[in-house]
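Have a look at the structure below before the remarks.
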Amino acid sequence: MSTFWSLWVIVLTLTNLALIVWVLFANRKVAVDDQALPENKTTGHVYDGIEEYDNPLPKWWFMLFIVTLVFSAAYLLIYPGMGNFKGLADWTSVGALEASEAKAQVQFDETFGKYRDMPIEEIAQSREALKMGSRIFANNCAVCHGADGGGNFGFPDLTDNAWLYGGTPEKILETLYNGRQGVMPPQGPVIGEEGVKNTTEYVLSLNGLEHDAAMAAEGQKVFNTVCMACHGLDAKGNQTLGAPNLTDNIWLYGSSREQIQHTIRGGRSNMMPAQRDKLRDDKIRLVAAYVYSLSRQDEEQQ
């Protein structure tokens, strides 16, 4: 704050306090002696026949105002309320925030710190850790992936063990730390509308769904020419690219003929935001262990 504005704040503050003191004491009058000065016993104000007496504030009320003024003066001396004056206590909001964060850091280290260097597989064996991981997941991930991790339209199911980028602890951590940017480029301009429809029938056939065999045969030719670069010749996907397996009957954007055509024709784009700058390392590891445990439950059931 510049010297001018500092002085401006100081002058305004002191002026207002002085005016308050003046108003308070200017209205501090001795109670009117009704017998000696009967004409001065009211203010002259009349409301619906009710006259207002001209009496001073009760002493206890007046003293309460005095206490607040003394408190205000002490506060302005101790804390920074007078321009650039730092106050006798040298208190700052930034310092208070940093002290609070340091205190919270100690508490967090006591609760979460032990998981910072623990292997994900080991964390996933701890019931206490999974409870903490589930709460962190609910606060940060459930909005997209669902409260149970079962996914939503356009957001992967984390319980089915069908991983776009890999389900190892290392890959899960990589996803959480750095995020993912999934892009299916639009193929409509490349293969034309007939190619879109034929390829759709071929994708339906890969999953044992109702399809037109003749169109699927033509679609396979298009697939082997254009789509196999990402999804593989066997259409089982590529985790390096995040290209999904097209044969497991697990669908991110729906399995209807119209939805598949829309995906092929116009492409898809989706983003998993990085959590590196949002969550602490130990919390990310707890979430990773929780997600890893969800997929392990699916494997055990199978």
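Within each chain, counting starts at residue 1; across the structure tokens, chains are named A, B, ... in the order shown, with ligands numbered 1 upward in that order.
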Next item on the list: Please report, as a count of residues only, each residue of segment 49-178 of chain A to which DSSP assigns strand (DSSP E or B) when run on this structure's backbone.
Entry: 8
Neighbours of segment 261-267 of chain A within 6 Å (only C-alpha atoms; same-chain residues fewer than 6 positions away dropped), as a short mmCIF file (atom, residue, chain, number, x, y, z; two decimals) with C-alpha atoms, in the first residue's frame?
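Below is the file that was written, out_30.cif:
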```cif
data_model
loop_
_atom_site.label_atom_id
_atom_site.label_comp_id
_atom_site.auth_asym_id
_atom_site.auth_seq_id
_atom_site.Cartn_x
_atom_site.Cartn_y
_atom_site.Cartn_z
CA MET A 184 -11.08 -40.97 -31.02
CA PRO A 185 -10.62 -38.99 -34.25
CA PRO A 186 -13.71 -38.59 -36.46
CA GLN A 187 -13.65 -41.09 -39.30
CA GLY A 188 -16.72 -39.88 -41.19
CA THR A 200 -20.51 -50.28 -37.24
#
```
Item checked: 9 Å contact set for segment 80-88 of chain A, only C-alpha atoms, chain neighbours under 4 positions out, as a PyMOL selection string -> chain A and resi 1-3+5-11+13-14+75-76+92
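Nearest residue to Met132 of chain A among A:Ser255, A:Thr43, A:Thr111, A:Ser72 is A:Thr111, counting only C-alpha atoms.
Remark: for Tyr79 of chain A, the closest of the candidate residues A:Ser93, A:Trp251, A:Arg296, A:Ile50 is A:Ser93 (distances computed over only C-alpha atoms).
Here the DSSP assignment of alpha helix (DSSP H), based on backbone atoms, applies within segment 233-292 of chain A to Arg257, Glu258, Gln259, Ile260, Gln261, His262, Thr263, Ile264, Arg265, Gly266, Asp281, Asp282, Lys283, Ile284, Arg285, Leu286, Val287, Ala288, Ala289, Tyr290, Val291 and Tyr292 of chain A.
For the pair atom CA of Val203 of chain A and atom CA of Thr159 of chain A, the interatomic distance is 23.5 Å.
Using only C-alpha atoms, the residues found no farther than 9 Å from Leu130 of chain A, other than those of its own chain fewer than 6 positions away, are Ile123, Ala124, Leu286, Val287, Ala289, Tyr290 and Ser293 of chain A.
For Lys171 of chain A, the residues within 12 Å (counting only C-alpha atoms, excluding itself and residues fewer than 5 positions away along the chain) are Ile120, Trp163, Leu164, Tyr165, Gly166, Leu176, Tyr177, Asn178, Gly179, Arg180, Gln239, Thr240, Gly242, Arg285, Ala288, Ala289, Val291 and Tyr292 of chain A.
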Write the selection just made, keeping all heavy atoms, as a CSV table (one decimal), in the first residue's frame?
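Output (result-v6.csv):
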```csv
chain,number,residue,atom,x,y,z
A,120,ILE,N,1.4,-50.1,-3.4
A,120,ILE,CA,0.0,-50.0,-3.6
A,120,ILE,C,-0.7,-51.4,-3.2
A,120,ILE,O,-1.8,-51.4,-2.5
A,120,ILE,CB,-0.4,-49.7,-5.0
A,120,ILE,CG1,0.2,-48.3,-5.4
A,120,ILE,CG2,-1.9,-49.7,-5.3
A,120,ILE,CD1,-0.3,-47.2,-4.6
A,163,TRP,N,-9.3,-52.1,-18.7
A,163,TRP,CA,-8.5,-50.9,-18.5
A,163,TRP,C,-8.1,-50.3,-19.9
A,163,TRP,O,-7.6,-51.0,-20.7
A,163,TRP,CB,-7.2,-51.2,-17.7
A,163,TRP,CG,-7.5,-51.6,-16.3
A,163,TRP,CD1,-7.6,-52.9,-15.9
A,163,TRP,CD2,-7.8,-50.8,-15.2
A,163,TRP,NE1,-7.9,-53.0,-14.6
A,163,TRP,CE2,-8.0,-51.7,-14.1
A,163,TRP,CE3,-7.8,-49.4,-15.0
A,163,TRP,CZ2,-8.3,-51.2,-12.8
A,163,TRP,CZ3,-8.1,-49.0,-13.7
A,163,TRP,CH2,-8.3,-49.8,-12.6
A,164,LEU,N,-8.3,-49.0,-20.0
A,164,LEU,CA,-7.9,-48.4,-21.3
A,164,LEU,C,-6.4,-48.1,-21.3
A,164,LEU,O,-5.8,-48.2,-22.4
A,164,LEU,CB,-8.6,-47.0,-21.4
A,164,LEU,CG,-10.1,-47.0,-21.6
A,164,LEU,CD1,-10.7,-45.6,-21.6
A,164,LEU,CD2,-10.4,-47.7,-23.0
A,165,TYR,N,-5.8,-47.8,-20.1
A,165,TYR,CA,-4.4,-47.5,-20.1
A,165,TYR,C,-3.6,-48.5,-19.2
A,165,TYR,O,-2.4,-48.3,-18.9
A,165,TYR,CB,-4.2,-46.1,-19.6
A,165,TYR,CG,-4.7,-45.1,-20.5
A,165,TYR,CD1,-6.0,-44.6,-20.4
A,165,TYR,CD2,-4.0,-44.6,-21.6
A,165,TYR,CE1,-6.5,-43.6,-21.2
A,165,TYR,CE2,-4.5,-43.6,-22.5
A,165,TYR,CZ,-5.8,-43.1,-22.3
A,165,TYR,OH,-6.3,-42.2,-23.1
A,166,GLY,N,-4.3,-49.5,-18.7
A,166,GLY,CA,-3.6,-50.5,-17.9
A,166,GLY,C,-4.0,-50.4,-16.5
A,166,GLY,O,-4.3,-49.3,-15.9
A,176,LEU,N,-3.5,-41.2,-12.3
A,176,LEU,CA,-3.9,-40.2,-11.3
A,176,LEU,C,-3.0,-39.0,-11.3
A,176,LEU,O,-3.5,-37.8,-11.2
A,176,LEU,CB,-4.0,-40.9,-9.9
A,176,LEU,CG,-5.1,-41.9,-9.7
A,176,LEU,CD1,-4.8,-42.7,-8.4
A,176,LEU,CD2,-6.4,-41.1,-9.6
A,177,TYR,N,-1.7,-39.2,-11.4
A,177,TYR,CA,-0.8,-38.1,-11.3
A,177,TYR,C,-0.9,-37.2,-12.5
A,177,TYR,O,-1.0,-35.9,-12.4
A,177,TYR,CB,0.6,-38.6,-11.2
A,177,TYR,CG,1.1,-38.9,-9.8
A,177,TYR,CD1,1.4,-40.2,-9.4
A,177,TYR,CD2,1.3,-37.9,-8.9
A,177,TYR,CE1,1.8,-40.4,-8.1
A,177,TYR,CE2,1.7,-38.1,-7.6
A,177,TYR,CZ,2.0,-39.4,-7.2
A,177,TYR,OH,2.4,-39.6,-5.9
A,178,ASN,N,-0.9,-37.8,-13.7
A,178,ASN,CA,-0.8,-37.0,-15.0
A,178,ASN,C,-2.1,-36.8,-15.7
A,178,ASN,O,-2.1,-35.9,-16.6
A,178,ASN,CB,0.2,-37.7,-15.9
A,178,ASN,CG,1.6,-37.8,-15.2
A,178,ASN,OD1,2.1,-37.0,-14.5
A,178,ASN,ND2,2.2,-39.0,-15.5
A,179,GLY,N,-3.1,-37.5,-15.4
A,179,GLY,CA,-4.4,-37.4,-16.1
A,179,GLY,C,-4.2,-38.2,-17.5
A,179,GLY,O,-3.2,-38.7,-17.8
A,180,ARG,N,-5.3,-38.2,-18.2
A,180,ARG,CA,-5.3,-38.8,-19.5
A,180,ARG,C,-6.2,-37.9,-20.5
A,180,ARG,O,-7.1,-37.3,-20.1
A,180,ARG,CB,-6.0,-40.2,-19.5
A,180,ARG,CG,-5.3,-41.2,-18.6
A,180,ARG,CD,-3.9,-41.6,-19.1
A,180,ARG,NE,-3.3,-42.6,-18.3
A,180,ARG,CZ,-2.1,-43.2,-18.6
A,180,ARG,NH1,-1.4,-42.7,-19.6
A,180,ARG,NH2,-1.6,-44.1,-17.8
A,239,GLN,N,-3.4,-50.4,-25.0
A,239,GLN,CA,-3.3,-49.6,-23.7
A,239,GLN,C,-2.3,-48.5,-23.8
A,239,GLN,O,-2.4,-47.5,-23.1
A,239,GLN,CB,-3.0,-50.6,-22.6
A,239,GLN,CG,-4.2,-51.5,-22.2
A,239,GLN,CD,-3.9,-52.4,-21.0
A,239,GLN,OE1,-2.8,-52.4,-20.5
A,239,GLN,NE2,-5.0,-53.0,-20.5
A,240,THR,N,-1.3,-48.6,-24.7
A,240,THR,CA,-0.4,-47.6,-24.8
A,240,THR,C,-1.0,-46.3,-25.3
A,240,THR,O,-0.7,-45.2,-24.9
A,240,THR,CB,0.8,-48.0,-25.7
A,240,THR,OG1,1.4,-49.2,-25.2
A,240,THR,CG2,1.8,-46.9,-25.9
A,242,GLY,N,-4.5,-46.0,-25.2
A,242,GLY,CA,-5.8,-45.8,-24.6
A,242,GLY,C,-6.9,-46.2,-25.5
A,242,GLY,O,-8.1,-45.8,-25.3
A,285,ARG,N,-2.0,-42.1,-3.5
A,285,ARG,CA,-1.7,-43.6,-3.3
A,285,ARG,C,-2.8,-44.3,-2.7
A,285,ARG,O,-3.1,-45.4,-3.0
A,285,ARG,CB,-0.4,-43.7,-2.5
A,285,ARG,CG,0.9,-43.2,-3.2
A,285,ARG,CD,2.1,-43.4,-2.4
A,285,ARG,NE,2.5,-44.8,-2.5
A,285,ARG,CZ,3.1,-45.4,-3.5
A,285,ARG,NH1,3.5,-44.7,-4.5
A,285,ARG,NH2,3.4,-46.7,-3.5
A,288,ALA,N,-5.4,-44.7,-5.4
A,288,ALA,CA,-4.9,-45.8,-6.3
A,288,ALA,C,-5.1,-47.2,-5.7
A,288,ALA,O,-5.5,-48.1,-6.4
A,288,ALA,CB,-3.4,-45.6,-6.6
A,289,ALA,N,-4.8,-47.3,-4.4
A,289,ALA,CA,-5.0,-48.6,-3.8
A,289,ALA,C,-6.5,-49.0,-3.8
A,289,ALA,O,-6.9,-50.1,-4.0
A,289,ALA,CB,-4.5,-48.6,-2.4
A,291,VAL,N,-8.9,-48.0,-6.0
A,291,VAL,CA,-9.3,-48.3,-7.3
A,291,VAL,C,-8.7,-49.7,-7.7
A,291,VAL,O,-9.4,-50.5,-8.3
A,291,VAL,CB,-8.8,-47.3,-8.3
A,291,VAL,CG1,-9.0,-47.7,-9.8
A,291,VAL,CG2,-9.5,-45.9,-8.1
A,292,TYR,N,-7.5,-49.9,-7.3
A,292,TYR,CA,-6.9,-51.2,-7.6
A,292,TYR,C,-7.7,-52.4,-6.9
A,292,TYR,O,-7.9,-53.4,-7.4
A,292,TYR,CB,-5.4,-51.2,-7.1
A,292,TYR,CG,-4.7,-52.5,-7.2
A,292,TYR,CD1,-4.3,-52.9,-8.5
A,292,TYR,CD2,-4.4,-53.3,-6.2
A,292,TYR,CE1,-3.6,-54.1,-8.7
A,292,TYR,CE2,-3.7,-54.5,-6.3
A,292,TYR,CZ,-3.3,-54.9,-7.6
A,292,TYR,OH,-2.6,-56.1,-7.7
```
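For the atom pair formed by atom CA of Ala129 of chain A and atom CA of Ala142 of chain A, the distance is 17.7 Å, given to one decimal.
Between atom CA of Phe112 of chain A and atom CA of Ser100 of chain A lies a distance of 17.7 Å.
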Notebook entry, point to check: So, counting only C-alpha atoms, which residue among A:Thr247, A:Cys227, A:Leu158, A:Ile191 is closest to Gly208 of chain A?
Noted result: A:Thr247
Item checked: Among the residues A:Lys114, A:Arg257, A:Val70, A:Ser295, the one that comes closest to Leu17 of chain A [using only C-alpha atoms] -> A:Val70
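Shortest separation to Met63 of chain A among A:Val222, A:Leu77, A:Leu24, A:Glu101 occurs at residue A:Leu24, atoms counted being only C-alpha atoms.
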Check: If we count only C-alpha atoms, what is near Thr199 of chain A at a cut-off of 10 Å, once residues fewer than 2 positions away on the same chain are taken out, given as a VMD selection string?
Finding: chain A and resid 191 193 to 197 201 to 205 215 to 224 227 260 to 261 264
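Among the candidates A:Gly95, A:Gly232, A:Pro273, A:Gly150, the one nearest to Glu174 of chain A when counting only C-alpha atoms is A:Pro273.
Around Glu52 of chain A, within 12 Å and counting only C-alpha atoms, the residues found are Asn40, Lys41, Thr42, Thr43, Gly44, His45 and Val46 of chain A, once anything fewer than 6 positions away on its own chain is removed.
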